[in-house]
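Data file: final.cif. Format and content: mmCIF, C-alpha atoms and all ligand atoms.
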data_run
loop_
_atom_site.label_atom_id
_atom_site.label_comp_id
_atom_site.auth_asym_id
_atom_site.auth_seq_id
_atom_site.Cartn_x
_atom_site.Cartn_y
_atom_site.Cartn_z
CA MET O 1 22.25 -6.31 -15.56
CA LEU O 2 21.71 -3.48 -13.11
CA ILE O 3 19.16 -4.68 -10.56
CA VAL O 4 17.46 -2.71 -7.79
CA GLN O 5 16.46 -5.03 -4.94
CA LYS O 6 14.19 -3.72 -2.18
CA TYR O 7 13.86 -5.66 1.06
CA GLY O 8 10.92 -4.86 3.37
CA GLY O 9 10.77 -4.82 7.16
CA SER O 10 9.47 -8.39 7.35
CA SER O 11 12.66 -9.55 5.58
CA LEU O 12 14.87 -7.61 8.02
CA LYS O 13 13.52 -8.57 11.43
CA SER O 14 16.80 -9.67 13.04
CA ALA O 15 20.56 -9.96 12.53
CA ASN O 16 19.98 -13.40 10.99
CA HIS O 17 17.45 -11.92 8.57
CA LEU O 18 20.05 -9.31 7.52
CA LYS O 19 22.60 -12.08 6.92
CA ASN O 20 20.06 -13.96 4.80
CA VAL O 21 19.44 -10.84 2.68
CA ALA O 22 23.20 -10.26 2.35
CA ARG O 23 23.56 -13.81 0.99
CA LYS O 24 20.86 -13.11 -1.60
CA VAL O 25 22.58 -9.89 -2.69
CA GLN O 26 25.93 -11.69 -2.76
CA ARG O 27 24.49 -14.41 -5.04
CA THR O 28 23.22 -11.76 -7.45
CA VAL O 29 26.55 -9.92 -7.45
CA GLU O 30 28.42 -13.20 -8.01
CA GLN O 31 26.24 -13.85 -11.07
CA GLY O 32 27.88 -10.75 -12.54
CA HIS O 33 25.10 -8.23 -11.91
CA GLN O 34 25.35 -4.79 -10.35
CA VAL O 35 22.93 -4.36 -7.44
CA VAL O 36 21.48 -1.35 -5.67
CA VAL O 37 19.87 -2.46 -2.39
CA VAL O 38 16.98 -0.49 -0.87
CA VAL O 39 15.99 -1.33 2.70
CA SER O 40 13.04 -0.67 5.00
CA ALA O 41 13.32 -0.31 8.75
CA MET O 42 13.87 -3.60 10.58
CA GLY O 43 10.68 -5.50 11.50
CA ASP O 44 8.04 -3.18 12.91
CA ASN O 45 10.54 -0.57 14.05
CA THR O 46 8.51 2.21 12.36
CA ASP O 47 5.41 1.31 14.41
CA GLY O 48 7.55 1.28 17.58
CA LEU O 49 8.88 4.78 16.85
CA LEU O 50 5.35 6.04 16.10
CA ASP O 51 4.03 4.64 19.40
CA LEU O 52 6.87 6.29 21.28
CA ALA O 53 6.15 9.66 19.65
CA GLU O 54 2.45 9.36 20.46
CA ASP O 55 3.28 8.58 24.09
CA LEU O 56 5.20 11.84 24.34
CA ALA O 57 3.09 14.25 22.31
CA GLN O 58 -0.62 14.29 21.49
CA THR O 59 -0.07 15.66 18.00
CA PRO O 60 3.66 15.45 17.30
CA SER O 61 5.04 17.94 14.80
CA ALA O 62 5.03 16.46 11.30
CA ARG O 63 8.61 17.58 10.73
CA GLU O 64 9.86 15.93 13.92
CA LEU O 65 7.88 12.78 13.18
CA ASP O 66 9.60 12.43 9.80
CA GLN O 67 12.98 13.22 11.31
CA LEU O 68 12.30 10.39 13.80
CA LEU O 69 10.71 7.79 11.50
CA SER O 70 13.47 8.11 8.88
CA THR O 71 15.99 6.85 11.45
CA GLY O 72 14.56 3.32 11.17
CA GLU O 73 15.68 3.05 7.54
CA THR O 74 18.94 4.92 8.22
CA GLN O 75 19.83 2.27 10.81
CA SER O 76 19.02 -0.69 8.59
CA SER O 77 20.96 0.75 5.62
CA ALA O 78 24.13 1.11 7.70
CA LEU O 79 23.65 -2.33 9.26
CA MET O 80 23.06 -3.90 5.84
CA ALA O 81 26.17 -2.23 4.39
CA MET O 82 28.22 -3.67 7.29
CA THR O 83 26.69 -7.12 6.79
CA LEU O 84 27.56 -7.04 3.08
CA GLU O 85 31.12 -5.90 3.79
CA GLN O 86 31.43 -8.79 6.26
CA ALA O 87 30.36 -11.15 3.48
CA GLY O 88 33.09 -9.72 1.25
CA ILE O 89 30.89 -7.41 -0.86
CA PRO O 90 32.14 -3.79 -0.85
CA ALA O 91 29.10 -1.72 0.17
CA LYS O 92 28.16 1.77 1.29
CA SER O 93 24.98 3.08 2.89
CA PHE O 94 23.13 6.16 1.58
CA SER O 95 20.42 8.21 3.26
CA GLY O 96 17.63 9.52 1.00
CA ARG O 97 19.48 12.84 0.74
CA GLN O 98 22.78 11.16 -0.12
CA ALA O 99 20.97 9.09 -2.77
CA GLY O 100 19.77 12.36 -4.36
CA ILE O 101 16.06 12.00 -3.58
CA LEU O 102 14.34 15.39 -3.55
CA THR O 103 10.77 15.48 -2.24
CA SER O 104 7.81 17.80 -1.82
CA TYR O 105 7.14 19.42 1.58
CA ASP O 106 4.25 17.09 2.51
CA TYR O 107 5.70 15.51 5.64
CA GLY O 108 4.48 11.96 6.14
CA LYS O 109 3.29 11.60 2.56
CA ALA O 110 5.90 13.43 0.48
CA ARG O 111 6.08 12.96 -3.30
CA ILE O 112 9.38 12.36 -5.02
CA GLU O 113 10.06 15.39 -7.22
CA GLN O 114 13.45 14.47 -8.56
CA VAL O 115 16.16 11.83 -8.20
CA ASP O 116 19.77 12.67 -8.92
CA PRO O 117 21.54 9.31 -8.63
CA LYS O 118 25.04 10.71 -9.26
CA GLU O 119 26.51 9.39 -6.00
CA LEU O 120 24.95 5.97 -6.55
CA ARG O 121 26.48 5.85 -10.05
CA ASN O 122 29.88 6.84 -8.65
CA ALA O 123 29.71 4.00 -6.14
CA LEU O 124 28.62 1.45 -8.75
CA ALA O 125 31.41 2.58 -11.09
CA VAL O 126 34.03 1.54 -8.54
CA GLY O 127 32.41 -1.78 -7.67
CA ILE O 128 30.63 -0.67 -4.51
CA THR O 129 27.09 -1.89 -3.81
CA PRO O 130 24.96 1.06 -2.63
CA VAL O 131 22.49 0.37 0.19
CA VAL O 132 19.82 3.07 0.17
CA ALA O 133 17.62 3.89 3.15
CA GLY O 134 14.07 3.60 1.79
CA PHE O 135 11.02 5.71 2.70
CA GLN O 136 12.88 9.03 2.90
CA GLY O 137 14.05 11.99 0.89
CA VAL O 138 14.93 15.59 1.51
CA THR O 139 12.95 18.77 0.81
CA ARG O 140 14.48 21.79 -0.94
CA ALA O 141 14.80 23.33 2.53
CA GLY O 142 17.03 20.41 3.55
CA ASP O 143 14.58 18.70 5.92
CA VAL O 144 13.93 14.98 5.89
CA ALA O 145 10.50 13.98 4.58
CA THR O 146 9.02 10.47 4.47
CA LEU O 147 7.07 8.96 1.60
CA GLY O 148 4.03 7.46 3.37
CA ARG O 149 3.69 4.02 4.95
CA GLY O 150 5.22 1.35 2.78
CA GLY O 151 7.21 4.09 1.03
CA SER O 152 10.42 2.10 0.57
CA ASP O 153 8.67 0.50 -2.42
CA LEU O 154 8.51 3.98 -3.97
CA THR O 155 12.19 4.63 -3.21
CA ALA O 156 13.13 1.44 -5.07
CA ILE O 157 11.02 2.18 -8.12
CA ALA O 158 12.14 5.82 -8.35
CA ILE O 159 15.80 4.80 -8.09
CA ALA O 160 15.36 2.03 -10.67
CA ASN O 161 13.80 4.59 -12.99
CA ALA O 162 16.48 7.24 -12.41
CA LEU O 163 19.31 4.74 -12.97
CA GLY O 164 17.60 3.14 -15.96
CA ALA O 165 17.96 -0.21 -14.14
CA ASP O 166 17.18 -3.43 -15.99
CA ARG O 167 15.01 -4.79 -13.16
CA CYS O 168 13.30 -3.56 -10.00
CA GLU O 169 12.65 -6.39 -7.55
CA ILE O 170 10.52 -5.90 -4.42
CA TYR O 171 11.16 -8.65 -1.87
CA SER O 172 8.77 -9.36 1.01
CA ASP O 173 7.61 -12.32 3.10
CA VAL O 174 5.22 -13.57 0.38
CA ALA O 175 6.03 -14.91 -3.10
CA GLY O 176 4.50 -12.00 -4.99
CA VAL O 177 0.94 -10.79 -5.34
CA TYR O 178 -1.74 -13.37 -4.56
CA THR O 179 -5.44 -13.67 -5.41
CA ALA O 180 -6.01 -12.47 -1.80
CA ASP O 181 -3.90 -11.86 1.30
CA PRO O 182 -2.48 -15.36 1.89
CA ARG O 183 -2.41 -14.70 5.63
CA ILE O 184 -6.21 -14.41 5.59
CA ILE O 185 -7.06 -16.85 2.78
CA PRO O 186 -4.69 -19.83 2.95
CA SER O 187 -5.94 -21.13 -0.41
CA ALA O 188 -4.97 -17.88 -2.21
CA THR O 189 -2.75 -18.45 -5.26
CA PRO O 190 0.19 -16.35 -6.48
CA LEU O 191 -0.43 -14.45 -9.72
CA ASP O 192 2.19 -14.58 -12.52
CA VAL O 193 1.29 -11.21 -14.02
CA LEU O 194 -0.86 -8.22 -13.21
CA ASN O 195 -1.31 -4.95 -15.04
CA TYR O 196 -0.65 -1.61 -13.36
CA ASP O 197 -4.34 -0.71 -13.12
CA GLU O 198 -5.27 -3.93 -11.34
CA MET O 199 -2.32 -3.55 -8.97
CA LEU O 200 -3.28 0.07 -8.32
CA GLU O 201 -6.83 -0.93 -7.36
CA LEU O 202 -5.57 -3.83 -5.22
CA ALA O 203 -3.07 -1.63 -3.39
CA SER O 204 -5.48 1.25 -2.85
CA GLN O 205 -8.22 -1.13 -1.66
CA GLY O 206 -5.98 -2.44 1.11
CA ALA O 207 -3.55 -5.09 -0.23
CA GLN O 208 -0.45 -4.06 1.65
CA VAL O 209 1.98 -5.96 -0.55
CA LEU O 210 2.90 -2.87 -2.64
CA GLN O 211 2.47 0.82 -1.83
CA THR O 212 -0.18 2.59 -3.96
CA GLN O 213 2.02 5.63 -4.71
CA ALA O 214 4.83 3.29 -5.76
CA VAL O 215 2.58 1.51 -8.26
CA GLU O 216 1.36 4.89 -9.53
CA PHE O 217 4.95 5.99 -10.09
CA ALA O 218 5.81 2.68 -11.79
CA LYS O 219 2.81 3.07 -14.09
CA GLY O 220 3.71 6.67 -14.94
CA GLN O 221 7.30 5.79 -15.80
CA GLN O 222 6.54 2.30 -17.15
CA VAL O 223 8.85 0.55 -14.69
CA PRO O 224 7.99 -3.17 -14.47
CA ILE O 225 7.91 -4.47 -10.87
CA TYR O 226 9.00 -7.97 -9.92
CA ALA O 227 7.37 -8.82 -6.57
CA ARG O 228 9.10 -11.83 -4.99
CA SER O 229 9.77 -13.58 -1.69
CA THR O 230 12.96 -13.08 0.32
CA PHE O 231 12.62 -16.60 1.63
CA ASN O 232 12.39 -18.71 -1.55
CA ASP O 233 13.33 -18.60 -5.25
CA GLU O 234 9.80 -18.58 -6.71
CA PRO O 235 9.55 -16.29 -9.75
CA GLY O 236 6.82 -14.18 -8.08
CA THR O 237 4.61 -11.66 -9.88
CA VAL O 238 5.46 -9.24 -12.68
CA ILE O 239 3.46 -6.03 -12.69
CA HIS O 240 3.57 -4.25 -16.02
CA GLN O 241 1.45 -2.66 -18.73
CA GLY O 242 -1.68 -4.66 -19.57
CA GLU O 243 -1.68 -7.62 -21.89
CA SER O 244 -4.65 -8.39 -24.09
CA ILE O 245 -5.09 -12.11 -23.36
CA GLU O 246 -8.47 -13.31 -22.14
CA LYS O 247 -8.67 -12.68 -18.40
CA PRO O 248 -10.96 -14.02 -15.67
CA ALA O 249 -13.68 -11.64 -14.50
CA VAL O 250 -12.06 -11.25 -11.09
CA THR O 251 -8.29 -11.46 -10.55
CA ALA O 252 -7.98 -10.78 -6.82
CA ILE O 253 -9.82 -9.75 -3.64
CA ALA O 254 -8.66 -6.98 -1.29
CA LEU O 255 -9.73 -6.13 2.23
CA ASN O 256 -9.47 -2.85 4.14
CA ARG O 257 -10.36 -3.11 7.82
CA HIS O 258 -9.20 0.42 8.63
CA ILE O 259 -12.17 2.42 7.45
CA ALA O 260 -15.10 4.13 9.12
CA LYS O 261 -18.60 5.10 8.03
CA ILE O 262 -20.05 8.48 8.91
CA GLY O 263 -23.70 9.40 8.43
CA LEU O 264 -25.43 12.78 8.60
CA LEU O 265 -29.08 12.10 9.31
CA GLY O 266 -32.04 14.30 8.49
CA VAL O 267 -30.19 17.05 6.65
CA PRO O 268 -32.18 19.31 4.28
CA ASP O 269 -32.67 18.05 0.72
CA ALA O 270 -31.40 21.25 -0.90
CA PRO O 271 -28.67 22.36 -3.31
CA GLY O 272 -25.29 23.02 -1.68
CA VAL O 273 -25.60 20.49 1.18
CA ALA O 274 -23.15 17.92 -0.24
CA ALA O 275 -20.91 20.74 -1.48
CA LEU O 276 -20.63 22.10 2.06
CA ILE O 277 -19.93 18.76 3.80
CA PHE O 278 -17.43 17.40 1.29
CA GLY O 279 -15.88 20.82 0.68
CA GLU O 280 -15.09 21.18 4.39
CA LEU O 281 -13.66 17.66 4.60
CA ALA O 282 -11.53 18.20 1.48
CA GLN O 283 -10.16 21.45 2.90
CA SER O 284 -8.86 19.49 5.87
CA GLY O 285 -7.23 16.96 3.56
CA ILE O 286 -9.63 14.15 4.50
CA ASN O 287 -10.16 11.66 1.72
CA VAL O 288 -13.75 10.51 1.24
CA GLU O 289 -14.41 7.35 -0.70
CA LEU O 290 -17.87 5.79 -0.99
CA ILE O 291 -20.84 8.15 -0.66
CA ILE O 292 -24.53 7.29 -0.52
CA GLN O 293 -27.50 9.59 -0.30
CA ALA O 294 -30.89 8.10 0.51
CA MET O 295 -34.11 9.03 -1.33
CA SER O 296 -35.39 12.18 0.30
CA HIS O 297 -38.59 12.16 2.38
CA ASN O 298 -40.28 15.28 3.81
CA GLN O 299 -37.49 17.34 2.17
CA LEU O 300 -34.94 15.61 4.39
CA ASN O 301 -32.05 13.32 3.44
CA ASP O 302 -29.53 10.96 5.01
CA ILE O 303 -25.98 11.17 3.61
CA ALA O 304 -23.35 8.56 4.51
CA PHE O 305 -19.73 8.19 3.42
CA THR O 306 -16.55 6.30 4.27
CA ILE O 307 -13.14 7.64 5.28
CA GLU O 308 -9.94 6.08 6.63
CA GLU O 309 -10.38 5.21 10.31
CA GLN O 310 -7.31 7.27 11.25
CA ASP O 311 -9.14 10.41 10.01
CA VAL O 312 -12.22 9.96 12.25
CA LYS O 313 -10.93 12.16 15.08
CA ARG O 314 -10.35 15.04 12.65
CA ALA O 315 -13.55 14.47 10.65
CA GLU O 316 -16.00 14.32 13.57
CA PRO O 317 -15.88 18.01 14.63
CA ILE O 318 -16.05 19.10 10.97
CA VAL O 319 -19.15 17.01 10.34
CA GLU O 320 -20.78 18.12 13.63
CA ASP O 321 -20.17 21.71 12.57
CA CYS O 322 -21.77 21.08 9.15
CA LEU O 323 -24.79 19.51 10.88
CA ARG O 324 -25.21 22.63 13.03
CA LYS O 325 -24.97 24.89 9.98
CA LEU O 326 -27.41 22.76 7.96
CA GLY O 327 -29.84 22.03 10.77
CA GLY O 328 -29.83 18.20 10.53
CA SER O 329 -30.83 15.74 13.26
CA SER O 330 -27.69 13.74 14.15
CA VAL O 331 -24.27 12.36 13.16
CA ALA O 332 -23.59 8.60 13.32
CA VAL O 333 -20.02 7.26 13.32
CA ASP O 334 -19.46 3.53 12.76
CA THR O 335 -15.93 2.19 13.15
CA HIS O 336 -17.01 -1.45 12.98
CA VAL O 337 -17.03 -1.69 9.21
CA ALA O 338 -14.68 -3.09 6.57
CA LYS O 339 -14.45 -2.85 2.81
CA VAL O 340 -14.06 -5.94 0.67
CA SER O 341 -13.28 -5.42 -3.03
CA ALA O 342 -13.24 -7.73 -6.03
CA ILE O 343 -10.80 -6.50 -8.68
CA GLY O 344 -10.11 -7.52 -12.26
CA SER O 345 -9.72 -5.86 -15.64
CA GLY O 346 -11.59 -8.89 -17.03
CA MET O 347 -14.87 -7.54 -15.61
CA VAL O 348 -14.96 -4.80 -18.28
CA GLY O 349 -17.90 -5.54 -20.60
CA ARG O 350 -18.87 -8.70 -18.66
CA PRO O 351 -22.29 -8.29 -17.10
CA GLY O 352 -23.27 -10.08 -13.91
CA VAL O 353 -19.99 -9.82 -11.99
CA ALA O 354 -21.47 -7.52 -9.32
CA ALA O 355 -24.47 -9.84 -8.96
CA ARG O 356 -22.09 -12.77 -8.28
CA VAL O 357 -20.28 -10.75 -5.58
CA PHE O 358 -23.62 -9.92 -3.92
CA LYS O 359 -24.80 -13.55 -4.23
CA ALA O 360 -21.62 -14.78 -2.53
CA LEU O 361 -22.16 -12.37 0.36
CA SER O 362 -25.83 -13.25 0.69
CA SER O 363 -24.98 -16.96 0.81
CA GLY O 364 -23.09 -16.15 4.02
CA ASP O 365 -25.95 -13.98 5.31
CA ILE O 366 -23.67 -10.94 5.14
CA ASN O 367 -25.44 -7.60 4.88
CA ILE O 368 -24.09 -5.04 2.38
CA GLN O 369 -24.18 -1.51 3.82
CA MET O 370 -22.72 0.42 0.87
CA ILE O 371 -21.57 -0.42 -2.65
CA GLY O 372 -18.99 1.28 -4.85
CA THR O 373 -17.91 0.35 -8.34
CA SER O 374 -15.37 1.35 -10.95
CA GLU O 375 -14.64 -0.19 -14.33
CA ILE O 376 -12.44 -2.86 -12.75
CA LYS O 377 -13.65 -3.01 -9.13
CA ILE O 378 -16.68 -3.81 -6.98
CA SER O 379 -16.42 -2.75 -3.33
CA CYS O 380 -18.85 -3.55 -0.52
CA ILE O 381 -18.92 -2.05 2.96
CA ILE O 382 -19.86 -4.72 5.48
CA ASP O 383 -19.67 -5.39 9.23
CA ARG O 384 -16.00 -5.76 10.22
CA GLN O 385 -16.61 -9.05 11.96
CA ASP O 386 -17.79 -10.57 8.65
CA ALA O 387 -14.69 -9.41 6.75
CA GLU O 388 -12.67 -12.64 6.50
CA ARG O 389 -15.76 -14.73 5.76
CA ALA O 390 -16.78 -12.30 3.03
CA MET O 391 -13.35 -12.53 1.42
CA THR O 392 -13.45 -16.31 1.51
CA LEU O 393 -16.92 -16.46 -0.05
CA ILE O 394 -16.06 -14.11 -2.94
CA HIS O 395 -12.71 -15.84 -3.48
CA GLU O 396 -14.56 -19.16 -3.77
CA GLU O 397 -17.32 -17.75 -5.98
CA PHE O 398 -14.75 -16.77 -8.61
CA GLY O 399 -12.74 -19.99 -8.26
CA LEU O 400 -9.54 -18.19 -7.25
CA GLY O 401 -8.32 -20.68 -4.65
CA GLN O 402 -6.11 -23.74 -4.85
CA SER O 403 -7.66 -27.11 -4.13
CA ALA O 404 -6.98 -28.58 -0.67
CA GLU O 405 -4.48 -31.12 -2.15
CA MET O 406 -2.49 -28.31 -3.74
CA ILE O 407 -2.18 -26.55 -0.38
CA GLU O 408 -0.96 -29.82 1.20
CA ASP O 409 1.78 -30.02 -1.46
P1 LIG O 501 7.31 -5.62 3.59
O1 LIG O 501 7.52 -5.64 5.07
O2 LIG O 501 8.26 -6.49 2.86
O3 LIG O 501 7.20 -4.25 3.00
P2 LIG O 501 4.46 -5.83 3.65
O4 LIG O 501 4.06 -6.33 5.00
O5 LIG O 501 4.35 -4.38 3.37
O6 LIG O 501 5.93 -6.36 3.35
O7 LIG O 501 3.65 -6.61 2.50
C1 LIG O 501 3.57 -8.00 2.50
C2 LIG O 501 2.25 -8.44 3.14
O8 LIG O 501 1.16 -8.02 2.33
C3 LIG O 501 2.06 -9.94 3.22
O9 LIG O 501 2.63 -10.47 4.38
C4 LIG O 501 0.55 -10.12 3.17
O10 LIG O 501 0.01 -10.37 4.44
C5 LIG O 501 0.03 -8.77 2.69
N1 LIG O 501 -0.87 -8.88 1.54
C6 LIG O 501 -2.11 -8.31 1.46
N2 LIG O 501 -2.70 -8.61 0.32
C7 LIG O 501 -1.86 -9.39 -0.38
C8 LIG O 501 -1.91 -10.01 -1.68
N3 LIG O 501 -2.97 -9.88 -2.49
N4 LIG O 501 -0.84 -10.74 -2.08
C9 LIG O 501 0.25 -10.86 -1.28
N5 LIG O 501 0.35 -10.31 -0.05
C10 LIG O 501 -0.68 -9.57 0.40
N1 LIG O 502 9.29 1.53 7.36
C1 LIG O 502 8.24 2.21 6.65
C2 LIG O 502 6.89 1.65 7.07
O1 LIG O 502 6.82 0.80 7.94
C3 LIG O 502 8.44 2.17 5.15
C4 LIG O 502 8.45 0.80 4.53
O2 LIG O 502 8.53 -0.21 5.24
O3 LIG O 502 8.37 0.72 3.30
O4 LIG O 502 5.89 2.07 6.56
MG MG O 503 5.65 -2.89 2.54
#
Kindly present the structure from the file in structure tokens form.
Amino acid sequence: MLIVQKYGGSSLKSANHLKNVARKVQRTVEQGHQVVVVVSAMGDNTDGLLDLAEDLAQTPSARELDQLLSTGETQSSALMAMTLEQAGIPAKSFSGRQAGILTSYDYGKARIEQVDPKELRNALAVGITPVVAGFQGVTRAGDVATLGRGGSDLTAIAIANALGADRCEIYSDVAGVYTADPRIIPSATPLDVLNYDEMLELASQGAQVLQTQAVEFAKGQQVPIYARSTFNDEPGTVIHQGESIEKPAVTAIALNRHIAKIGLLGVPDAPGVAALIFGELAQSGINVELIIQAMSHNQLNDIAFTIEEQDVKRAEPIVEDCLRKLGGSSVAVDTHVAKVSAIGSGMVGRPGVAARVFKALSSGDINIQMIGTSEIKISCIIDRQDAERAMTLIHEEFGLGQSAEMIED
């Protein structure tokens, strides 16, 4: 088989971690398979580089930031190639450009437009294991562009697709996708299978284990993903096209602590108000998720919405400007909120799932500030300090956890 194996930063924290990964690759090669390795930057190297850039420049140039951040993966690919060679496996590192990954011009969140894996094929043909630097590609102008946080997952899936690989394995520090983040909910259980839509919702609602754009790409190209642990041989989770077997109402719970709620109070209740506010935000590339508008009174309305916390600094002046134009009373920004989401394709056509989510939260005296739903998701905005408790209560309500004895085992 031809297998693409991606190892994330948490699997590459130190020289010993690199040796451990090299042993895993070696075992796969010795079983007679061809392997293409994709690596992330070591540990939290990317965060370190970002902090350094922010110390030196208030708003660093997006091009320079990508040029800088890509070096984390470039380093680990060369180091991994050396480690493999040391273990007796002929290996060669490839940058995104050398691996033939062509991207759009959107620095920091570039899309992969094309993969020409000719050089990777040439290496494989002569028994060399390619080690590709994840998270990066090159624009048509020849500049490095990165694929968004967690983007090495996308590199792996795009390369697996371009090579027509038999398997794409994403290795991290957890044994696949769980019913909730196992670091927050110790009783969370690993899931054997998930369909693309559930994984997409989970990833976009905050489960870090796979990058949203990577799952989108996998869904579009029908690439099955095998999410596994670097540190054990558990089979992990397969993410593929949906299966029709009877499913539980809720499959998993996700948490996003990095959101903020913005309210415009006392704006006129007139046509064009929402169009102005959300038009201006969209023009600045700010993604708005949940929106609520209160019942109007005295021809005035309150409108509140959520955005990613990192966008608050950019959104605030835009919203203040809208308020001035519209003649409202004030803007309220709340960065002490979190979003907890229950996800499952089994909730389709099953009434009462939302009521159970709300009941679980009310049993913990947790106030719901906003609600959003889709066919396979129920999201609630709550106080950030209630986030873990909320997750635990919903997880328990839907019986997703292991029993205490199972955790002991
Ligand atoms: P890597 O460094 O390998 O890319 P990540 O840190 O990006 O790994 O993703 C793995 C982490 O995702 C886990 O350590 C876990 O805390 C987090 N996570 C969040 N939600 C889930 C979930 N539902 N299942 C598994 N892991 C999850
Ligand atoms: N190193 C990058 C990040 O931290 C990409 C990745 O790990 O997938 O986001
Ligand atoms: Mg990751």
Could you report the residues within 7 Å of ligand LIG 502 (chain O), using only C-alpha atoms and all ligand atoms, as a PDB file with C-alpha atoms, in the coordinates of the input?
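Just written: part-v6.pdb:
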ATOM      1  CA  GLY O   8      10.920  -4.860   3.370  1.00  0.00           C
ATOM      2  CA  GLY O   9      10.770  -4.820   7.160  1.00  0.00           C
ATOM      3  CA  SER O  40      13.040  -0.670   5.000  1.00  0.00           C
ATOM      4  CA  ALA O  41      13.320  -0.310   8.750  1.00  0.00           C
ATOM      5  CA  ASP O  44       8.040  -3.180  12.910  1.00  0.00           C
ATOM      6  CA  THR O  46       8.510   2.210  12.360  1.00  0.00           C
ATOM      7  CA  ASP O  47       5.410   1.310  14.410  1.00  0.00           C
ATOM      8  CA  GLY O  72      14.560   3.320  11.170  1.00  0.00           C
ATOM      9  CA  GLU O  73      15.680   3.050   7.540  1.00  0.00           C
ATOM     10  CA  GLY O 134      14.070   3.600   1.790  1.00  0.00           C
ATOM     11  CA  PHE O 135      11.020   5.710   2.700  1.00  0.00           C
ATOM     12  CA  GLY O 148       4.030   7.460   3.370  1.00  0.00           C
ATOM     13  CA  ARG O 149       3.690   4.020   4.950  1.00  0.00           C
ATOM     14  CA  GLY O 150       5.220   1.350   2.780  1.00  0.00           C
ATOM     15  CA  GLY O 151       7.210   4.090   1.030  1.00  0.00           C
ATOM     16  CA  SER O 152      10.420   2.100   0.570  1.00  0.00           C
ATOM     17  CA  ASP O 153       8.670   0.500  -2.420  1.00  0.00           C
TER      18      ASP O 153
END
Output the neighbourhood of ligand LIG 501 (chain O) as a list in words, that is, all protein and nucleic acid residues with some atom at most 7 Å from the ligand, counting all atoms listed in the file.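 The distance check yields Tyr7, Gly8, Gly9, Ser10, Ser11, Gly150, Tyr171, Ser172, Asp173, Val174, Gly176, Val177, Tyr178, Thr179, Ala180, Asp181, Pro182, Arg183, Ala207, Gln208, Val209, Leu210, Ala252, Ile253 and Ala254 of chain O.
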Long-range neighbours of Met199 of chain O as number ranges by chain, 12 Å cut-off, all atoms listed in the file, 4 positions minimum in chain: O: 176-179, 191, 193-195, 203-216, 218-219, 224-225, 227, 237-242, 251-254, 343-345, 376-377
Can you pull out every residue within 9 Å of segment 329-338 of chain O, counting all atoms listed in the file, but drop anything in the same chain fewer than 6 positions away, and send it as a list in words?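 Residues meeting the cut-off are Leu255, Asn256, Arg257, His258, Ile259, Ala260, Lys261, Ile262, Gly263, Leu264, Leu265, Gly266, Val267, Ala304, Glu309, Val312, Glu316, Val319, Glu320, Leu323, Gln369, Cys380, Ile381, Ile382, Asp383, Arg384, Gln385, Asp386 and Ala387 of chain O.
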Please return, as a CSV table (one decimal) with C-alpha atoms, in the frame of the given file, all polymer residues that have at least one atom within 12 Å of the point (-10.5, -21.0, -3.9); use only C-alpha atoms and the file's own coordinate frame.
chain,number,residue,atom,x,y,z
O,178,TYR,CA,-1.7,-13.4,-4.6
O,179,THR,CA,-5.4,-13.7,-5.4
O,180,ALA,CA,-6.0,-12.5,-1.8
O,182,PRO,CA,-2.5,-15.4,1.9
O,185,ILE,CA,-7.1,-16.8,2.8
O,186,PRO,CA,-4.7,-19.8,3.0
O,187,SER,CA,-5.9,-21.1,-0.4
O,188,ALA,CA,-5.0,-17.9,-2.2
O,189,THR,CA,-2.8,-18.4,-5.3
O,190,PRO,CA,0.2,-16.4,-6.5
O,251,THR,CA,-8.3,-11.5,-10.6
O,252,ALA,CA,-8.0,-10.8,-6.8
O,253,ILE,CA,-9.8,-9.8,-3.6
O,391,MET,CA,-13.4,-12.5,1.4
O,392,THR,CA,-13.4,-16.3,1.5
O,393,LEU,CA,-16.9,-16.5,0.0
O,394,ILE,CA,-16.1,-14.1,-2.9
O,395,HIS,CA,-12.7,-15.8,-3.5
O,396,GLU,CA,-14.6,-19.2,-3.8
O,397,GLU,CA,-17.3,-17.8,-6.0
O,398,PHE,CA,-14.8,-16.8,-8.6
O,399,GLY,CA,-12.7,-20.0,-8.3
O,400,LEU,CA,-9.5,-18.2,-7.2
O,401,GLY,CA,-8.3,-20.7,-4.6
O,402,GLN,CA,-6.1,-23.7,-4.8
O,403,SER,CA,-7.7,-27.1,-4.1
O,404,ALA,CA,-7.0,-28.6,-0.7
O,405,GLU,CA,-4.5,-31.1,-2.2
O,406,MET,CA,-2.5,-28.3,-3.7
O,407,ILE,CA,-2.2,-26.6,-0.4
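Counting all atoms listed in the file, Thr139 of chain O has the following residues at most 8 Å away, ignoring those fewer than 2 positions along the same chain: Leu102, Thr103, Ser104, Tyr105, Gly137, Ala141, Gly142, Asp143, Val144 and Ala145 of chain O.
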Write the residues you've just listed into a file as a PDB file, keeping the file's coordinate frame, and include C-alpha atoms for each of them.
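Below is the file that was written, result37.pdb:
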ATOM      1  CA  LEU O 102      14.340  15.390  -3.550  1.00  0.00           C
ATOM      2  CA  THR O 103      10.770  15.480  -2.240  1.00  0.00           C
ATOM      3  CA  SER O 104       7.810  17.800  -1.820  1.00  0.00           C
ATOM      4  CA  TYR O 105       7.140  19.420   1.580  1.00  0.00           C
ATOM      5  CA  GLY O 137      14.050  11.990   0.890  1.00  0.00           C
ATOM      6  CA  ALA O 141      14.800  23.330   2.530  1.00  0.00           C
ATOM      7  CA  GLY O 142      17.030  20.410   3.550  1.00  0.00           C
ATOM      8  CA  ASP O 143      14.580  18.700   5.920  1.00  0.00           C
ATOM      9  CA  VAL O 144      13.930  14.980   5.890  1.00  0.00           C
ATOM     10  CA  ALA O 145      10.500  13.980   4.580  1.00  0.00           C
TER      11      ALA O 145
END
